[in-house]
Amino acid sequence: MEFKNPANILTVMVVGLCAVVPFLAPALGEPFYVIVFARIMIWAIAAVSLNLIMGYGGMISFGHAVYLGIGGYTIGILAFHGITSAWVQWPLAISTCALISLIFGAISLRTRGVYFIMITLALAQMVFFLSVSAERYGSDDGLNILARSDFGVSFFDLNDKLTMYYTIFGFLLASVFVSWRLIHSRFGAVIRAAKSNDTRVQAVGLSTYTYRLTAFVIAGVMCGIAGLLQANLENFVSPDMMNWPRSGELIFMVVLGGMSTVFGPVTGAFVFLMLSEILSTWTIHWHVIFGPFLVLLVIFARGGIAGLLTPGRTRE
Amino acid sequence: MDYVLVTEQFLNGFQLGIILFLMAAGLTLVFGIMDLVNLAHGSMFMIGAFVGGTITLVTGSFILGVVLMIPSMLVIGMVVEMTTLRTLYPRDHLDHVLATFGLILFFNEATRLIWGPEGLVVPLPALLDGTVALGAGITYPVYRIVIITVGLAVALCLYILVSRTRIGMLIRAGASNRTMAGALGVNIPMLFSIVFGIGAVLAGLAGLIITPITAAQIGMGEDVLILAFVVIVIGGIGSIRGAFIASIVTGVIDTMGRSFLDVFLLLFLPENAAESAGPALSSMLIYVLMAAILFFRPQGLFPPKGAG
Amino acid sequence: MSNALKDMVKEVALEARELNKSFGGLTATDNLSIEVARGEIHAVIGPNGAGKTTFVNVLSGLLKPDSGEILFAGRDVTLLSAAARVRQGLARSFQITSIFRDFTTLENVMLSVQAGQGHSFRFWAPTARDKSLREPAVDLLERVGLGDRVDVTAGNLAHGEQRQLEIAISLATNPSFLLLDEPMAGMGPEESQGMIDFLKVLKGSYTMLLVEHDMDAVFALADRITVLVYGKAIATGTPDEIRNDAAVRAAYLGEEAV
């Protein structure tokens, strides 16, 4: 990794900032920014997971936020029924995400291109509508979570603000590290190769479908972890966290940061959410500015931030 | 469960299918011909409802609202195509998704700025407000019959336009061989703008004609858009015929499922289980249908020719 | 099975029996049978549109035949996927260069080497430091003459070099059989001669089915030749027999002479 690269310097600054915010923000009289950064980091984990399949594998999933929802709702529903032990909640949330992404992946990966985009969207909306119709769990209004996941030990309690924050921070670092290892491994080589030339990968003896499906499940699980963290942080889950605009925003974070760069999604999530935060303090109609900004970004800045900061680097 | 209710719900489903077809027809043409993923098609649905609705309220005539909505949407559609989408044709699908996602945010917020957050209530024209007896004890709202009739007429016109006329021939030529059509002196960029404009008119028409039933609301296009995606995937991208059949099937199954699935489940589930599972399952029904169809035919029921 | 019979089975490396493949109304492969003996270079020639690439695609498993069967090393592989056939030793190259353009030359071959070493569900160890991938890949690149282009991005290689890389990727899967779809496509005379020399070197170690337009190359390399016209095999024989076959001259060679 080259640290002279301006995009990497930006990333190091963002990650460094995340590390010190719980101390810096109150000192500056802006304690509100602690939760803002916690949210940004959760979205960053989700964006890192999407980058695995979209940036490196070329699978444009337009329904990735559904795993945020599934991870979150698993926590919420278990807590609703009085099961708060993290040792039950977390493995269940992870295996539910694995199972659903396995099923959705098996269906959608049979198709390519536009079909894949639309099917991932439709399958995610199916779960969204399911959560809307679940009256028992709050329908549209969402579900309050009365107690955070309980690890049963006194030294690790998510009700402690710093523990909650640094747990998220730890998972962010882990997700970046895991995705770095993955894409540089043999498995990652197959995924990256299949993105650029699927037929050729088959013609050297590798069944791309199985490898893609595996990547799809890994990304689903990683995003599900972001979802279970979100449920714990907010003490609340609602269908909106997996509605389709969330999936669109995730795609934007990945592209904004620069696809197929390990840290790109982290920077992308940071810039996207800070920009929303700042614009929305100007006017409640900030989407009028933000929408055209996104369009211009697509038309003129194809490589995202990494592309803008690194001469000669563009997508494709 | 009696046959009167079943027939009514079937007709309601058919009417939903017609609305879906008006949306899907434009989408599938743009997909098939320009290979463009256009999420902002749902915005055309919404803008048609608001523009046509406003004209209706100002002039006091719903017919005038429909008539004047058509050129308005043609212009709006063509302007969107010329200013933004045109630059996206050579790009990949990801850029299409992102740019048109940005357009949705813009259109939704711009609509909120212009018309306010409450939306727009458009009254039914008095002439069409009423029911008609269809025989055998079945009565049905006149207006819904009008929607079905209009939709069928548009479907027929569209079929004739694409398969029988010169412009349809050009559309098909442009789709299968851009360079060739260009060499024959066809103005391809203009042709694409017109096709896009027609798509916007159809979406706007769909949005406007359901407005007397549902009212015009911000973001109303997105739910319909996703259903239209399902329709296109089932029907096969680029196929008008596929879009029509898939629209009707989707509309009928979705509506019938929502009305009768819990009754059906009662046959083999205890009452409270059926009542809670019914709504949940019926909201998933068409997606399960889509998944099942794709499992056997990954390119939809009527796959585009030459993609074999 | 008697030893004699075993030997007979061994003799035929690849056999296609009455293959048919059509697209819509167009018959691309018409009741085509072929036998490739172990160790030989069997060339398939034919005018444009004769169905040569379709034939290679059916043999390699990228297309499923409408009917007929394919036997590789005596085993029916008709229902196996392309990837599974490669794992059995049936590798192919592509007429239109098919490489990983944004990988380096070395990474291209390393992927192929890793495919030849069994499954790739290894998620943790970086490939860059993996000697068991790197060393065979470097060896192979040296053999095909790309030893000094190891770290170049494949998309930036010259056309001839990309053709060499194409062959190297196929060889790296450890095949016993090579399906070569116009390896000289787009090459200049000098590059073609280099490829001919290279294929001659390979000849002892691999059985090959060579689809090629370049007649000089075909007659320089082939032990036997099959002539395809409109998806039908109109003749099979040694280069001399083909040269003197009246039907072939009329249908194909004659055409070129005019």
# chains A, B, ... in the order shown; residues from 1 in each chain; ligands from 1
$ closest_atom_pairs --of "chain C" --to "chain A" --cutoff "10 Å" --atoms "only C-alpha atoms" --output "CSV"
residue,atom,partner,partner_atom,distance
C:Ser60,CA,A:Ala203,CA,8.0
C:Gly61,CA,A:Ala203,CA,8.9
C:Leu62,CA,A:Thr199,CA,8.1
C:Ser81,CA,A:Ser207,CA,8.3
C:Ala82,CA,A:Gln202,CA,6.2
C:Ala83,CA,A:Gly205,CA,3.7
C:Ala84,CA,A:Gly205,CA,6.0
C:Arg85,CA,A:Gly205,CA,7.2
C:Val86,CA,A:Gly205,CA,4.7
C:Arg87,CA,A:Gly205,CA,5.4
C:Gln88,CA,A:Gly205,CA,8.8
C:Gly89,CA,A:Gly205,CA,9.1
C:Leu90,CA,A:Gly205,CA,9.3
C:Ala91,CA,A:Ala203,CA,7.0
C:Arg92,CA,A:Ala203,CA,6.8
C:Ser93,CA,A:Ala203,CA,8.2
C:Phe94,CA,A:Arg200,CA,8.8
C:Thr97,CA,A:Arg200,CA,9.9
C:Ser98,CA,A:Arg200,CA,6.3
C:Ile99,CA,A:Arg200,CA,6.9
C:Phe100,CA,A:Ser196,CA,6.2
C:Arg101,CA,A:Ser196,CA,7.4
C:Asp102,CA,A:Ser196,CA,7.7
C:Phe103,CA,A:Ala193,CA,8.0
C:Glu107,CA,A:Ala189,CA,8.5
C:Asn108,CA,A:Ala193,CA,8.5
C:Val109,CA,A:Val204,CA,9.9
C:Met110,CA,A:Ala189,CA,9.2
C:Leu111,CA,A:Ala189,CA,6.8
C:Ser112,CA,A:Val204,CA,5.7
C:Val113,CA,A:Val204,CA,8.7
C:Gln114,CA,A:Arg186,CA,7.3
C:Ala115,CA,A:Gly205,CA,6.0
C:Gly116,CA,A:Gly205,CA,7.3
C:Gly118,CA,A:Leu206,CA,9.0
C:His119,CA,A:Leu206,CA,7.7
C:Ser120,CA,A:Phe187,CA,5.3
C:Phe121,CA,A:Phe187,CA,5.4
C:Arg122,CA,A:Phe187,CA,5.5
C:Phe123,CA,A:Leu182,CA,5.2
C:Trp124,CA,A:Arg181,CA,5.4
C:Ala125,CA,A:Ser185,CA,5.3
C:Pro126,CA,A:Ser185,CA,4.4
C:Thr127,CA,A:Ser185,CA,5.3
C:Ala128,CA,A:His184,CA,7.6
C:Arg129,CA,A:Ser185,CA,10.0
C:Asp130,CA,A:Arg186,CA,9.6
C:Leu133,CA,A:Arg186,CA,9.8
C:Glu166,CA,A:Arg200,CA,9.9
C:Ile169,CA,A:Val204,CA,7.5
C:Ser170,CA,A:Val204,CA,6.7
C:Leu171,CA,A:Val204,CA,9.3
C:Ala172,CA,A:Val204,CA,8.4
C:Thr173,CA,A:Val204,CA,6.1
C:Asn174,CA,A:Val204,CA,9.7
C:Pro175,CA,A:Val204,CA,9.7
$ residues_around --residues "region 143-156 of chain A" --least-positions-apart "3" --cutoff "6 Å" --atoms "only C-alpha atoms" --output "PyMOL selection string"
chain A and resi 76+84-86+137-138+232+235-237
$ residues_around --residues "Leu273 (chain A)" --least-positions-apart "5" --cutoff "9 Å" --atoms "only C-alpha atoms" --output "ChimeraX atom specification"
/A:36,39-40,43,253,268,278
$ write_last_selection --atoms "C-alpha atoms" --output "PDB file, in the first residue's frame"
ATOM      1  CA  VAL A  36     -22.673  10.700  13.947  1.00  0.00           C
ATOM      2  CA  ARG A  39     -23.359   5.792  12.352  1.00  0.00           C
ATOM      3  CA  ILE A  40     -20.808   6.609   9.674  1.00  0.00           C
ATOM      4  CA  TRP A  43     -22.455   2.445   7.048  1.00  0.00           C
ATOM      5  CA  MET A 253     -20.725   5.392  -0.970  1.00  0.00           C
ATOM      6  CA  GLY A 268     -16.990   7.193   0.572  1.00  0.00           C
ATOM      7  CA  ILE A 278     -23.988  19.488   6.338  1.00  0.00           C
TER       8      ILE A 278
END
$ closest_residue --among "A:Tyr56, A:Phe216, A:Trp282, A:Phe62" --to "chain B" --atoms "only C-alpha atoms"
A:Phe62
$ select_by_dssp --residues "region 5-167 of chain C" --states "strand (DSSP E)" --output "ChimeraX atom specification"
/C:12-23,26-37,41-45,67-72,75-76,90-93
$ atom_distance --atom1 "CA of Glu212 (chain C)" --atom2 "CA of Glu18 (chain C)"
22.2 Å
$ interface_residues --of "chain B" --to "chain A" --cutoff "6 Å" --atoms "only C-alpha atoms" --output "number ranges by chain"
B: 99, 102-103, 105-106, 109, 280, 284, 298
$ write_last_selection --atoms "C-alpha atoms" --output "mmCIF file, in the first residue's frame"
data_model
loop_
_atom_site.group_PDB
_atom_site.id
_atom_site.type_symbol
_atom_site.label_atom_id
_atom_site.label_comp_id
_atom_site.auth_asym_id
_atom_site.auth_seq_id
_atom_site.Cartn_x
_atom_site.Cartn_y
_atom_site.Cartn_z
ATOM 1 C CA ALA B 99 -27.288 8.932 -12.095
ATOM 2 C CA GLY B 102 -29.739 11.106 -8.206
ATOM 3 C CA LEU B 103 -32.571 12.186 -10.513
ATOM 4 C CA LEU B 105 -33.883 12.455 -5.214
ATOM 5 C CA PHE B 106 -34.082 15.656 -7.247
ATOM 6 C CA GLU B 109 -37.698 17.026 -3.569
ATOM 7 C CA ALA B 280 -47.046 -11.367 5.059
ATOM 8 C CA MET B 284 -44.210 -11.753 -1.032
ATOM 9 C CA PRO B 298 -33.265 -16.713 -16.401
#
